[in-house]
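Structure file work08.cif (mmCIF, C-alpha atoms) follows.
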data_target
loop_
_atom_site.label_atom_id
_atom_site.label_comp_id
_atom_site.auth_asym_id
_atom_site.auth_seq_id
_atom_site.Cartn_x
_atom_site.Cartn_y
_atom_site.Cartn_z
CA MET A 1 -26.62 -45.80 -44.61
CA THR A 2 -27.38 -44.75 -41.03
CA HIS A 3 -25.10 -45.89 -38.20
CA HIS A 4 -26.10 -46.52 -34.58
CA GLU A 5 -23.84 -47.14 -31.60
CA VAL A 6 -25.11 -49.52 -28.94
CA MET A 7 -23.24 -50.29 -25.72
CA SER A 8 -23.45 -53.89 -24.53
CA ASN A 9 -21.71 -54.76 -21.27
CA GLY A 10 -18.92 -52.29 -22.00
CA ILE A 11 -18.51 -53.23 -25.67
CA LYS A 12 -19.40 -50.73 -28.40
CA LEU A 13 -21.51 -52.32 -31.12
CA ASN A 14 -21.87 -50.77 -34.56
CA VAL A 15 -25.28 -51.16 -36.20
CA LEU A 16 -26.10 -50.21 -39.79
CA GLU A 17 -29.64 -49.28 -40.77
CA VAL A 18 -31.54 -49.49 -44.04
CA LYS A 19 -34.49 -47.19 -43.50
CA ALA A 20 -38.04 -47.83 -44.61
CA HIS A 21 -39.98 -45.12 -46.41
CA THR A 22 -41.82 -42.91 -43.90
CA GLU A 23 -44.03 -40.79 -46.15
CA GLU A 24 -47.29 -39.67 -44.56
CA VAL A 25 -50.33 -41.48 -45.95
CA ASN A 26 -53.77 -39.88 -46.13
CA HIS A 27 -56.52 -42.04 -44.68
CA ALA A 28 -60.19 -42.02 -45.45
CA PRO A 29 -62.50 -41.08 -42.55
CA GLY A 30 -62.92 -44.05 -40.24
CA GLN A 31 -59.99 -45.93 -41.76
CA GLU A 32 -57.42 -47.18 -39.28
CA PRO A 33 -53.85 -45.91 -39.82
CA PRO A 34 -51.23 -48.51 -40.77
CA GLY A 35 -49.42 -50.32 -37.99
CA PRO A 36 -45.80 -49.73 -37.00
CA ILE A 37 -43.13 -50.32 -39.63
CA PRO A 38 -41.76 -53.87 -39.15
CA THR A 39 -38.10 -54.32 -38.28
CA LEU A 40 -35.70 -57.02 -39.45
CA VAL A 41 -32.41 -57.46 -37.56
CA MET A 42 -29.66 -59.20 -39.55
CA LEU A 43 -26.55 -60.91 -38.17
CA HIS A 44 -23.56 -61.96 -40.26
CA GLY A 45 -21.30 -64.94 -39.64
CA LEU A 46 -17.83 -65.49 -38.26
CA ARG A 47 -15.02 -63.56 -40.01
CA ASP A 48 -17.58 -61.77 -42.16
CA SER A 49 -19.06 -58.28 -42.18
CA ALA A 50 -22.47 -56.67 -41.84
CA TRP A 51 -21.62 -54.89 -45.08
CA SER A 52 -21.70 -58.21 -46.94
CA LEU A 53 -25.44 -58.41 -46.15
CA VAL A 54 -26.28 -54.83 -47.15
CA PRO A 55 -27.38 -55.68 -50.75
CA ILE A 56 -29.65 -58.43 -49.37
CA ALA A 57 -31.01 -56.04 -46.73
CA GLN A 58 -31.79 -53.31 -49.26
CA ARG A 59 -33.69 -55.71 -51.50
CA ILE A 60 -35.64 -57.28 -48.63
CA SER A 61 -36.51 -53.85 -47.23
CA ASP A 62 -37.96 -52.56 -50.50
CA GLY A 63 -38.77 -49.37 -48.61
CA LYS A 64 -41.37 -51.20 -46.51
CA ILE A 65 -39.24 -52.81 -43.79
CA ARG A 66 -36.66 -51.22 -41.51
CA VAL A 67 -33.49 -53.33 -41.45
CA LEU A 68 -30.81 -53.21 -38.76
CA LEU A 69 -27.47 -54.93 -39.45
CA LEU A 70 -25.43 -55.65 -36.33
CA GLU A 71 -21.67 -55.92 -36.61
CA LEU A 72 -20.84 -58.66 -34.12
CA ARG A 73 -18.36 -57.96 -31.35
CA GLY A 74 -14.86 -58.60 -32.63
CA HIS A 75 -15.90 -57.66 -36.18
CA GLY A 76 -16.03 -54.50 -38.26
CA ALA A 77 -16.37 -51.25 -36.33
CA SER A 78 -17.67 -53.03 -33.22
CA GLY A 79 -15.34 -53.36 -30.25
CA HIS A 80 -13.08 -56.31 -29.48
CA SER A 81 -13.48 -58.24 -26.27
CA ASP A 82 -11.91 -60.83 -24.01
CA ALA A 83 -15.27 -62.64 -23.98
CA TYR A 84 -16.67 -64.36 -27.07
CA SER A 85 -19.13 -66.90 -25.73
CA ILE A 86 -22.44 -67.51 -27.46
CA ASN A 87 -24.15 -65.94 -24.42
CA ASP A 88 -22.21 -62.70 -24.93
CA TYR A 89 -23.48 -62.55 -28.50
CA ILE A 90 -27.07 -63.28 -27.40
CA LEU A 91 -26.92 -60.41 -24.92
CA ASP A 92 -25.49 -58.12 -27.61
CA LEU A 93 -28.48 -58.88 -29.82
CA HIS A 94 -30.80 -58.27 -26.88
CA GLU A 95 -29.27 -54.84 -26.32
CA VAL A 96 -29.75 -53.91 -29.98
CA VAL A 97 -33.39 -55.04 -29.96
CA ASP A 98 -34.03 -53.33 -26.62
CA GLN A 99 -32.40 -50.00 -27.52
CA LEU A 100 -33.30 -49.61 -31.19
CA THR A 101 -36.73 -51.24 -31.58
CA GLN A 102 -40.13 -51.14 -29.92
CA ASP A 103 -42.03 -54.17 -31.17
CA PRO A 104 -41.19 -57.84 -31.71
CA VAL A 105 -38.69 -58.12 -34.56
CA MET A 106 -37.94 -60.45 -37.41
CA LEU A 107 -34.45 -61.94 -37.25
CA PHE A 108 -31.99 -63.10 -39.91
CA GLY A 109 -28.79 -64.95 -39.10
CA HIS A 110 -26.11 -66.48 -41.31
CA SER A 111 -23.90 -69.24 -39.86
CA LEU A 112 -22.77 -67.95 -36.44
CA GLY A 113 -25.47 -65.31 -36.78
CA GLY A 114 -27.98 -68.12 -37.18
CA HIS A 115 -26.81 -69.79 -33.97
CA ILE A 116 -27.23 -66.51 -32.12
CA VAL A 117 -30.66 -65.85 -33.63
CA SER A 118 -32.03 -69.32 -32.86
CA LYS A 119 -30.96 -69.18 -29.23
CA PHE A 120 -32.29 -65.63 -28.85
CA ALA A 121 -35.63 -66.70 -30.35
CA ALA A 122 -35.88 -69.57 -27.86
CA LEU A 123 -34.97 -67.41 -24.86
CA PHE A 124 -36.96 -64.30 -25.82
CA PRO A 125 -40.10 -65.42 -27.67
CA GLU A 126 -41.88 -62.17 -26.77
CA LEU A 127 -39.29 -60.23 -28.79
CA THR A 128 -39.20 -62.56 -31.80
CA LYS A 129 -41.77 -62.33 -34.60
CA ALA A 130 -39.97 -64.68 -37.01
CA ALA A 131 -36.49 -66.04 -37.75
CA ILE A 132 -34.52 -66.77 -40.91
CA LEU A 133 -31.56 -69.13 -40.44
CA VAL A 134 -29.17 -69.32 -43.39
CA GLU A 135 -26.69 -72.19 -43.06
CA GLY A 136 -27.47 -72.03 -39.35
CA LEU A 137 -28.00 -75.69 -38.48
CA GLY A 138 -24.39 -76.40 -37.63
CA PRO A 139 -21.72 -78.58 -39.25
CA PRO A 140 -22.18 -82.18 -40.43
CA LYS A 141 -21.94 -84.94 -37.87
CA ARG A 142 -18.49 -86.49 -38.03
CA PRO A 143 -17.74 -90.21 -37.64
CA ASN A 144 -16.09 -89.64 -34.23
CA GLU A 145 -19.00 -87.57 -32.89
CA GLY A 146 -19.50 -88.39 -29.22
CA ASP A 147 -15.89 -89.50 -28.67
CA ILE A 148 -15.17 -87.86 -25.30
CA GLU A 149 -11.39 -88.06 -25.66
CA GLN A 150 -11.61 -86.39 -29.08
CA GLN A 151 -13.87 -83.68 -27.63
CA MET A 152 -11.33 -82.96 -24.89
CA GLN A 153 -8.52 -82.68 -27.44
CA SER A 154 -10.59 -80.32 -29.59
CA LEU A 155 -11.45 -78.16 -26.59
CA ARG A 156 -7.79 -78.06 -25.53
CA PHE A 157 -6.73 -77.02 -29.04
CA MET A 158 -9.35 -74.25 -29.29
CA LEU A 159 -8.53 -72.80 -25.88
CA LEU A 160 -4.77 -72.77 -26.45
CA ASN A 161 -5.24 -71.42 -29.95
CA ARG A 162 -7.23 -68.51 -28.55
CA LEU A 163 -4.37 -67.71 -26.15
CA LYS A 164 -1.90 -67.92 -29.02
CA LYS A 165 -3.97 -65.55 -31.16
CA LYS A 166 -3.98 -62.97 -28.35
CA TYR A 167 -0.21 -62.60 -28.48
CA HIS A 168 0.42 -63.42 -32.15
CA PRO A 169 -1.78 -61.31 -34.46
CA SER A 170 -2.30 -62.37 -38.05
CA ARG A 171 0.19 -61.57 -40.81
CA ALA A 172 -0.22 -58.16 -42.42
CA LEU A 173 -1.82 -57.96 -45.86
CA GLN A 174 0.01 -56.30 -48.73
CA SER A 175 -3.03 -54.56 -50.22
CA HIS A 176 -6.82 -54.42 -50.49
CA GLU A 177 -6.43 -56.40 -53.69
CA GLU A 178 -4.78 -59.25 -51.76
CA ALA A 179 -7.73 -59.28 -49.36
CA ALA A 180 -10.20 -59.41 -52.26
CA ASN A 181 -8.23 -62.20 -53.92
CA LYS A 182 -8.26 -64.22 -50.69
CA LEU A 183 -12.04 -63.80 -50.50
CA ARG A 184 -12.43 -65.12 -54.04
CA LEU A 185 -9.99 -67.96 -53.38
CA ASN A 186 -12.29 -69.17 -50.59
CA ASN A 187 -15.46 -68.23 -52.51
CA PRO A 188 -14.76 -68.89 -56.22
CA ARG A 189 -18.34 -68.12 -57.33
CA MET A 190 -18.10 -64.61 -55.88
CA LEU A 191 -18.14 -61.71 -58.35
CA VAL A 192 -14.89 -59.72 -58.53
CA GLU A 193 -16.66 -56.42 -57.86
CA GLU A 194 -18.44 -57.84 -54.81
CA ALA A 195 -15.17 -59.25 -53.42
CA GLN A 196 -13.57 -55.84 -53.76
CA ARG A 197 -16.51 -54.11 -52.09
CA ILE A 198 -16.66 -56.47 -49.12
CA ALA A 199 -12.87 -56.62 -48.72
CA SER A 200 -12.83 -52.85 -48.19
CA HIS A 201 -14.91 -53.44 -45.03
CA LEU A 202 -12.94 -56.47 -43.83
CA VAL A 203 -9.54 -54.77 -43.47
CA LYS A 204 -8.17 -51.73 -41.70
CA GLU A 205 -4.81 -50.01 -41.27
CA VAL A 206 -3.09 -50.65 -37.94
CA GLY A 207 0.31 -49.10 -37.29
CA GLY A 208 0.88 -48.52 -40.98
CA GLU A 209 -0.02 -52.13 -41.85
CA LEU A 210 -3.17 -53.61 -43.36
CA HIS A 211 -4.89 -56.27 -41.22
CA TRP A 212 -8.16 -58.19 -41.21
CA VAL A 213 -10.60 -56.25 -39.06
CA PHE A 214 -12.03 -59.23 -37.11
CA ASP A 215 -10.58 -60.60 -33.89
CA SER A 216 -9.46 -64.18 -34.59
CA ARG A 217 -10.12 -65.06 -30.93
CA ALA A 218 -13.84 -64.90 -31.73
CA ASN A 219 -13.44 -68.43 -33.16
CA SER A 220 -13.69 -69.64 -29.57
CA VAL A 221 -17.44 -68.87 -29.60
CA PHE A 222 -18.05 -72.50 -30.56
CA VAL A 223 -16.12 -73.98 -27.62
CA GLY A 224 -18.45 -76.43 -25.89
CA VAL A 225 -21.29 -76.04 -28.43
CA ASN A 226 -22.89 -79.33 -29.50
CA LEU A 227 -25.77 -80.49 -31.66
CA GLN A 228 -27.99 -81.76 -28.84
CA THR A 229 -27.82 -78.41 -27.05
CA ASN A 230 -28.77 -76.66 -30.30
CA ILE A 231 -31.73 -79.00 -30.80
CA ASN A 232 -32.95 -78.29 -27.28
CA PHE A 233 -33.07 -74.58 -28.14
CA TRP A 234 -34.69 -75.15 -31.54
CA ARG A 235 -37.55 -77.06 -29.89
CA GLN A 236 -38.37 -74.01 -27.75
CA ILE A 237 -38.81 -71.58 -30.64
CA LYS A 238 -42.43 -70.52 -31.01
CA ALA A 239 -42.04 -68.12 -33.96
CA PRO A 240 -42.18 -69.19 -37.62
CA VAL A 241 -38.73 -70.17 -38.92
CA CYS A 242 -37.33 -70.11 -42.46
CA LEU A 243 -34.35 -72.44 -42.96
CA ILE A 244 -32.08 -71.94 -45.98
CA SER A 245 -29.29 -74.40 -46.84
CA GLY A 246 -26.69 -74.53 -49.61
CA ARG A 247 -26.30 -77.78 -51.52
CA LEU A 248 -22.56 -77.15 -51.91
CA SER A 249 -21.83 -76.36 -48.26
CA TYR A 250 -19.63 -79.48 -48.07
CA GLU A 251 -16.93 -77.42 -49.79
CA TYR A 252 -16.70 -75.19 -46.71
CA TRP A 253 -16.97 -77.97 -44.14
CA ALA A 254 -14.31 -80.02 -45.92
CA LYS A 255 -11.85 -77.13 -45.47
CA GLU A 256 -12.90 -76.43 -41.88
CA MET A 257 -13.22 -79.97 -40.56
CA ALA A 258 -11.62 -82.40 -43.02
CA THR A 259 -10.00 -85.55 -41.63
CA ALA A 260 -8.94 -88.84 -43.18
CA ASP A 261 -12.45 -90.26 -42.69
CA PHE A 262 -14.57 -87.12 -43.28
CA ASP A 263 -15.09 -85.17 -46.52
CA GLY A 264 -17.47 -82.43 -45.33
CA HIS A 265 -20.73 -83.94 -46.62
CA PHE A 266 -23.88 -84.19 -44.55
CA ALA A 267 -25.41 -87.64 -44.28
CA VAL A 268 -28.56 -88.30 -46.32
CA ASN A 269 -31.50 -86.38 -44.76
CA GLU A 270 -29.30 -85.17 -41.88
CA LEU A 271 -30.42 -81.55 -42.19
CA GLU A 272 -34.05 -82.55 -42.75
CA GLN A 273 -33.94 -84.45 -39.45
CA ARG A 274 -32.55 -81.41 -37.65
CA SER A 275 -35.22 -79.16 -39.15
CA ARG A 276 -37.96 -81.26 -37.55
CA ALA A 277 -36.96 -79.82 -34.18
CA PHE A 278 -38.64 -76.53 -35.17
CA ALA A 279 -42.37 -76.35 -34.43
CA THR A 280 -43.19 -74.13 -37.42
CA HIS A 281 -40.72 -74.02 -40.27
CA GLU A 282 -40.11 -74.10 -44.00
CA HIS A 283 -36.85 -75.38 -45.49
CA HIS A 284 -35.37 -74.11 -48.75
CA TRP A 285 -32.31 -75.29 -50.68
CA LEU A 286 -30.00 -73.14 -52.79
CA GLU A 287 -28.74 -75.51 -55.46
CA TYR A 288 -25.64 -73.52 -56.45
CA SER A 289 -24.59 -72.16 -53.06
CA GLY A 290 -21.98 -73.20 -50.57
CA HIS A 291 -21.89 -72.05 -46.96
CA MET A 292 -21.65 -68.37 -47.99
CA ALA A 293 -25.06 -68.31 -49.66
CA HIS A 294 -25.22 -64.50 -49.77
CA TYR A 295 -22.04 -64.53 -51.87
CA ASP A 296 -23.14 -67.32 -54.21
CA GLU A 297 -26.85 -66.78 -54.90
CA PRO A 298 -27.85 -63.36 -53.50
CA GLU A 299 -30.87 -62.97 -55.81
CA LYS A 300 -32.36 -66.36 -54.95
CA LEU A 301 -31.65 -65.85 -51.25
CA THR A 302 -33.35 -62.45 -51.34
CA GLN A 303 -36.38 -63.89 -53.14
CA ILE A 304 -36.89 -66.56 -50.46
CA CYS A 305 -36.46 -64.09 -47.61
CA LYS A 306 -38.81 -61.50 -49.11
CA HIS A 307 -41.55 -64.07 -49.69
CA PHE A 308 -41.18 -65.27 -46.10
CA VAL A 309 -41.23 -61.87 -44.35
CA PHE A 310 -44.03 -60.42 -46.46
CA ASN A 311 -46.28 -63.45 -45.95
CA LEU A 312 -46.03 -63.89 -42.19
CA PRO A 313 -49.31 -64.33 -40.34
CA SER A 314 -50.48 -61.08 -38.79
#
Will you turn the file into structure tokens for me?
Amino acid sequence: MTHHEVMSNGIKLNVLEVKAHTEEVNHAPGQEPPGPIPTLVMLHGLRDSAWSLVPIAQRISDGKIRVLLLELRGHGASGHSDAYSINDYILDLHEVVDQLTQDPVMLFGHSLGGHIVSKFAALFPELTKAAILVEGLGPPKRPNEGDIEQQMQSLRFMLLNRLKKKYHPSRALQSHEEAANKLRLNNPRMLVEEAQRIASHLVKEVGGELHWVFDSRANSVFVGVNLQTNINFWRQIKAPVCLISGRLSYEYWAKEMATADFDGHFAVNELEQRSRAFATHEHHWLEYSGHMAHYDEPEKLTQICKHFVFNLPS
């Protein structure tokens, strides 16, 4: 695995690379040489790691596509920051595309990564060849959606919580095994070996103690984000889009957003209605996946992505 270091507005970003095969090919007289090797840039989600997407990246690449995996600011070996707005993340992606690629790229984003990718694709159509959004259409609409007083309370909580996290870091972990067990507790369909592999990239030793490697203040990226704003961006995307959703994602949203009158489920056809905002799209469902689709059904996810990227119009 090759590593790149990209500087974005003073923040060091770590980028992994899965290389494509670069063997020289002999061409018959008069035959045009092949075009440039296509590039896919992959973005993970909140509190996750680029390393969790490496098996997917290797299978999609198949030696024919160059894949770059950006570790988001506040995650992995990338630097921490006092700024975690969605615009900061969009600019980080722009710096990676600008410094490490030459042609329009294909983009893959899971969850938060999907939000970043969709906004980047809308703002920079000349740099975007196609986009894959995995669980990237946002959370279900809650019964109190649009309640201004509730929105103010949520914003207040998120802002104060970010300040609290700055001065009160998370509790130390006892071992890598505890980290892996916590991963499997939140993702029960995850294989033990995969939990152990990913956990090794999600923790680091700080002052003799083991801590999660991500900055919990990055949660504030969703402050002020709303569905209508997202839809406005989706409508501006010119590139082909592949949407992938997990049937069991309500499990995740129930934990993240549960209230007395909300159980985490999307309304009937809610995601289908959102998908209509994209000019050119296909929508796939993973029947046995929750929000962390790359943990639950990596083979099926890879199959959908490979078919999409290798069948794009030239």
Per residue of segment 175-238 of chain A within 8 Å of segment 85-109 of chain A, what are the shortest atom pair and its distance in Å to one decimal, counting only C-alpha atoms, with rows by chain and residue number, as CSV?
residue,atom,partner,partner_atom,distance
A:Ser220,CA,A:Ser85,CA,7.2
A:Val221,CA,A:Ser85,CA,4.7
A:Phe222,CA,A:Ile86,CA,7.3
A:Val223,CA,A:Ser85,CA,7.9
Next on the checklist: For the provided coordinates, the residues matched by the PyMOL selection byres ((chain A and resi 248-251) around 12) should be stated as an MDAnalysis selection string.
Outcome noted: chainID A and resid 111 134:141 186:189 244:247 252:258 262:267 271 285:293 296:297
So what does the PyMOL selection byres ((chain A and resi 13) around 8) actually pick up in this one, as a tab-separated table (two decimals) with C-alpha atoms, keeping the file's coordinate frame?
chain	number	residue	atom	x	y	z
A	5	GLU	CA	-23.84	-47.14	-31.60
A	6	VAL	CA	-25.11	-49.52	-28.94
A	7	MET	CA	-23.24	-50.29	-25.72
A	8	SER	CA	-23.45	-53.89	-24.53
A	11	ILE	CA	-18.51	-53.23	-25.67
A	12	LYS	CA	-19.40	-50.73	-28.40
A	14	ASN	CA	-21.87	-50.77	-34.56
A	15	VAL	CA	-25.28	-51.16	-36.20
A	70	LEU	CA	-25.43	-55.65	-36.33
A	71	GLU	CA	-21.67	-55.92	-36.61
A	72	LEU	CA	-20.84	-58.66	-34.12
A	73	ARG	CA	-18.36	-57.96	-31.35
A	77	ALA	CA	-16.37	-51.25	-36.33
A	78	SER	CA	-17.67	-53.03	-33.22
A	79	GLY	CA	-15.34	-53.36	-30.25
A	92	ASP	CA	-25.49	-58.12	-27.61
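Distance-wise, atom CA of Phe214 of chain A and atom CA of Thr128 of chain A end up 27.9 Å apart.
Interatomic distance, atom CA of Glu126 of chain A to atom CA of Leu40 of chain A: 15.0 Å.
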Tell me which residues the PyMOL selection byres ((chain A and resi 234) around 10) grabs here, as a PDB file with C-alpha atoms, keeping the file's coordinate frame.
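What landed in expr24.pdb:
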ATOM      1  CA  HIS A 115     -26.810 -69.790 -33.970  1.00  0.00           C
ATOM      2  CA  SER A 118     -32.030 -69.320 -32.860  1.00  0.00           C
ATOM      3  CA  LYS A 119     -30.960 -69.180 -29.230  1.00  0.00           C
ATOM      4  CA  ALA A 121     -35.630 -66.700 -30.350  1.00  0.00           C
ATOM      5  CA  ALA A 122     -35.880 -69.570 -27.860  1.00  0.00           C
ATOM      6  CA  LEU A 137     -28.000 -75.690 -38.480  1.00  0.00           C
ATOM      7  CA  GLN A 228     -27.990 -81.760 -28.840  1.00  0.00           C
ATOM      8  CA  THR A 229     -27.820 -78.410 -27.050  1.00  0.00           C
ATOM      9  CA  ASN A 230     -28.770 -76.660 -30.300  1.00  0.00           C
ATOM     10  CA  ILE A 231     -31.730 -79.000 -30.800  1.00  0.00           C
ATOM     11  CA  ASN A 232     -32.950 -78.290 -27.280  1.00  0.00           C
ATOM     12  CA  PHE A 233     -33.070 -74.580 -28.140  1.00  0.00           C
ATOM     13  CA  ARG A 235     -37.550 -77.060 -29.890  1.00  0.00           C
ATOM     14  CA  GLN A 236     -38.370 -74.010 -27.750  1.00  0.00           C
ATOM     15  CA  ILE A 237     -38.810 -71.580 -30.640  1.00  0.00           C
ATOM     16  CA  LYS A 238     -42.430 -70.520 -31.010  1.00  0.00           C
ATOM     17  CA  VAL A 241     -38.730 -70.170 -38.920  1.00  0.00           C
ATOM     18  CA  ARG A 274     -32.550 -81.410 -37.650  1.00  0.00           C
ATOM     19  CA  SER A 275     -35.220 -79.160 -39.150  1.00  0.00           C
ATOM     20  CA  ARG A 276     -37.960 -81.260 -37.550  1.00  0.00           C
ATOM     21  CA  ALA A 277     -36.960 -79.820 -34.180  1.00  0.00           C
ATOM     22  CA  PHE A 278     -38.640 -76.530 -35.170  1.00  0.00           C
ATOM     23  CA  ALA A 279     -42.370 -76.350 -34.430  1.00  0.00           C
TER      24      ALA A 279
END
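The coordinates place atom CA of Val41 of chain A at 4.7 Å from atom CA of Leu68 of chain A.
Ranking A:Ile132, A:Cys242, A:Ala179, A:Leu210 by their shortest atom-to-atom distance to Ala195 of chain A, with all atoms listed in the file included, puts A:Ala179 first.
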Next on the checklist: Set the distance at 10 Å and use all atoms listed in the file: which residues neighbour segment 201-204 of chain A once local chain neighbours fewer than 2 positions away are removed? I'd like the list as an NGL selection string.
Outcome noted: :A and (47-52 or 75-77 or 172-173 or 175-176 or 179-180 or 183 or 196-199 or 206-214)
Write out as JSON an axis-aligned box for segment 107-110 of chain A: all of its atoms listed in the file, 4 Å added on each side, centre and edge lengths in Å with one decimal.
{"center_x": -30.3, "center_y": -64.2, "center_z": -39.3, "size_x": 16.3, "size_y": 12.5, "size_z": 12.1}
Can I get segment 168-190 of chain A with N, CA and C atoms filled in, as a JSON list (two decimals), in the coordinates of the input?
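Final output, saved to selection.json:
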[["chain", "number", "residue", "atom", "x", "y", "z"],
["A", 168, "HIS", "N", -0.17, -63.32, -30.82],
["A", 168, "HIS", "CA", 0.42, -63.42, -32.15],
["A", 168, "HIS", "C", -0.62, -63.04, -33.19],
["A", 169, "PRO", "N", -0.80, -61.75, -33.47],
["A", 169, "PRO", "CA", -1.78, -61.31, -34.46],
["A", 169, "PRO", "C", -1.46, -61.85, -35.85],
["A", 170, "SER", "N", -2.45, -61.82, -36.71],
["A", 170, "SER", "CA", -2.30, -62.37, -38.05],
["A", 170, "SER", "C", -1.30, -61.56, -38.88],
["A", 171, "ARG", "N", -0.77, -62.22, -39.91],
["A", 171, "ARG", "CA", 0.19, -61.57, -40.81],
["A", 171, "ARG", "C", -0.47, -60.40, -41.53],
["A", 172, "ALA", "N", 0.29, -59.33, -41.73],
["A", 172, "ALA", "CA", -0.22, -58.16, -42.42],
["A", 172, "ALA", "C", -0.49, -58.48, -43.89],
["A", 173, "LEU", "N", -1.51, -57.83, -44.44],
["A", 173, "LEU", "CA", -1.82, -57.96, -45.86],
["A", 173, "LEU", "C", -1.04, -56.91, -46.65],
["A", 174, "GLN", "N", -0.75, -57.23, -47.90],
["A", 174, "GLN", "CA", 0.01, -56.30, -48.73],
["A", 174, "GLN", "C", -0.87, -55.20, -49.32],
["A", 175, "SER", "N", -2.16, -55.52, -49.57],
["A", 175, "SER", "CA", -3.03, -54.56, -50.22],
["A", 175, "SER", "C", -4.49, -54.99, -50.09],
["A", 176, "HIS", "N", -5.40, -54.07, -50.44],
["A", 176, "HIS", "CA", -6.82, -54.42, -50.49],
["A", 176, "HIS", "C", -7.06, -55.48, -51.56],
["A", 177, "GLU", "N", -6.28, -55.43, -52.62],
["A", 177, "GLU", "CA", -6.43, -56.40, -53.69],
["A", 177, "GLU", "C", -6.11, -57.81, -53.19],
["A", 178, "GLU", "N", -5.10, -57.94, -52.33],
["A", 178, "GLU", "CA", -4.78, -59.25, -51.76],
["A", 178, "GLU", "C", -5.95, -59.76, -50.93],
["A", 179, "ALA", "N", -6.57, -58.88, -50.17],
["A", 179, "ALA", "CA", -7.73, -59.28, -49.36],
["A", 179, "ALA", "C", -8.87, -59.76, -50.25],
["A", 180, "ALA", "N", -9.13, -59.01, -51.33],
["A", 180, "ALA", "CA", -10.20, -59.41, -52.26],
["A", 180, "ALA", "C", -9.88, -60.74, -52.93],
["A", 181, "ASN", "N", -8.62, -60.94, -53.28],
["A", 181, "ASN", "CA", -8.23, -62.20, -53.92],
["A", 181, "ASN", "C", -8.39, -63.38, -52.96],
["A", 182, "LYS", "N", -8.08, -63.16, -51.68],
["A", 182, "LYS", "CA", -8.26, -64.22, -50.69],
["A", 182, "LYS", "C", -9.74, -64.57, -50.54],
["A", 183, "LEU", "N", -10.60, -63.56, -50.58],
["A", 183, "LEU", "CA", -12.04, -63.80, -50.50],
["A", 183, "LEU", "C", -12.49, -64.68, -51.66],
["A", 184, "ARG", "N", -12.01, -64.36, -52.86],
["A", 184, "ARG", "CA", -12.43, -65.12, -54.04],
["A", 184, "ARG", "C", -11.79, -66.51, -54.08],
["A", 185, "LEU", "N", -10.62, -66.65, -53.46],
["A", 185, "LEU", "CA", -9.99, -67.96, -53.38],
["A", 185, "LEU", "C", -10.85, -68.90, -52.55],
["A", 186, "ASN", "N", -11.42, -68.37, -51.45],
["A", 186, "ASN", "CA", -12.29, -69.17, -50.59],
["A", 186, "ASN", "C", -13.72, -69.24, -51.10],
["A", 187, "ASN", "N", -14.09, -68.30, -51.98],
["A", 187, "ASN", "CA", -15.46, -68.23, -52.51],
["A", 187, "ASN", "C", -15.39, -68.01, -54.03],
["A", 188, "PRO", "N", -15.04, -69.06, -54.79],
["A", 188, "PRO", "CA", -14.76, -68.89, -56.22],
["A", 188, "PRO", "C", -15.95, -68.43, -57.06],
["A", 189, "ARG", "N", -17.17, -68.57, -56.56],
["A", 189, "ARG", "CA", -18.34, -68.12, -57.33],
["A", 189, "ARG", "C", -18.66, -66.64, -57.08],
["A", 190, "MET", "N", -17.88, -66.01, -56.24],
["A", 190, "MET", "CA", -18.10, -64.61, -55.88],
["A", 190, "MET", "C", -17.67, -63.69, -57.03]]
